[in-house]
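J.: First the structure, which I've put down as structure tokens, then a few questions once you've had a look.
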Amino acid sequence: MSDTHQGGAVATSAPPSVDEGLSSAALAAKYGLSVSGARPGLGEYVRELWSRRHFILAFSSAKLTAQYSQAKLGQVWQVATPLLNALVYYLIFGLILDAGRGMSKGVYIPFLVTGIFVFTFTQSSVMAGVRAISGNLGLVRALHFPRATLPISFSLQQLQQLLYSMIVLVAVAIFFGSYPSLRWLLVIPALALQFVFNTGLAMIVARMGAKTPDLAQLMPFIMRTWMYASGVMFSIQTMLADKPAWISDILMYNPAAVYMDLMRYALIEGYSAHNLPDHVWITALAWALLFGIGGFVYFWKAEERYGRG
């Protein structure tokens, strides 16, 4: 310690701190400090998500209930919306453009309704996922929780909505002559695989949407293109019979078409296995694992950046 006398005043200088010259990382290590909101390890992150499973279920159910709370018909719109879409597409594609060529009306109408309902499941999951972070910044910044709970909750919300719609889908199938059989049990693994795929895809677009909110404005155009390329309103094999085989193969093996075809095969009596691409179940599993695991890891890697900036 040194004293300096200047005009009667005394200035005292303290000895240099023992921490002087240490980097921020070294200081944190010395005193056992950690970064606030730092990304946990992948295993710990999965455990945190599992511990919040009840919140995920409750949050998705609440969002589903609130979705149509301002409409007079309420939850009826969960079923009415895809049915009205199916009616419009049937008038345009079924009657005017004859997109159902090669299929009887008893097959084409359930074919079309199934395609609309199943593709809407994926479309709604993606549209909700792209806003999962950017549309909930208040929640993300106010509370500490695994951010993956948001896209998972939104995907679960869309699954619940599809399950309500399945009542109408089953009724349509029966009305046009497709009666319950053991093949209907294939709906369970088909929906499970599609849910895993949808959730992974929702996580991918959630991370992208968190960084680029304008992606939400572009996504409807992407989804519309995907819908027309997936055979929602027509049979890909029939419509592309005069085109090179590789074009048909690419469209038939795209994940949206794969999951639609599995559901159609399960529910529609006249939709036989020859309409399915080879190794369709392996393909469905591969898409689910690729996007489910890949999307989860991709989302987790940016965990500490969500809600900042």
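Ordering of the structure tokens sets the chain letters (A, B, ...); residue numbers start at 1 within each chain; ligands are numbered from 1 in the order shown.
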Could you name the residues that touch Ser155 of chain A at 12 Å or less, counting only C-alpha atoms, but leaving out those on the same chain fewer than 5 positions away, as a VMD selection string?
T.: chain A and resid 56 to 57 59 to 61 63 to 64 120 to 130 132 148 to 150 160 to 162 192 194 to 203 206 292
J.: Write out as number ranges by chain all residues of segment 48-254 of chain A that backbone DSSP assigns to helix (DSSP H, G or I).
T.: A: 48-51, 53-67, 74-96, 105-130, 134-142, 149-175, 182-211, 215-229, 236-239, 245-252
J.: Let me make sure I understand: among A:Ile282, A:Ala190, A:Leu251, A:Ala171, which one has the smallest atom-to-atom distance to Thr225 of chain A if we use only C-alpha atoms?
T.: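 Closest candidate: A:Leu251.
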J.: Which residues are near segment 298-303 of chain A? Cut-off 8 Å, only C-alpha atoms, ignore same chain within fewer than 2 positions. Put them as a list in words.
T.: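 Here the answer would be Ala38, Arg39, Leu42, Pro146, Arg147, Ala148, Met203, Ile204, Ala206, Arg207, Gly294, Gly295, Phe296, Arg305 and Tyr306 of chain A.
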J.: Counting only C-alpha atoms, figure out which residue out of A:Ala286, A:Ala58, A:Leu112, A:Ile96 gets nearest to Pro255 of chain A.
T.: A:Ala286
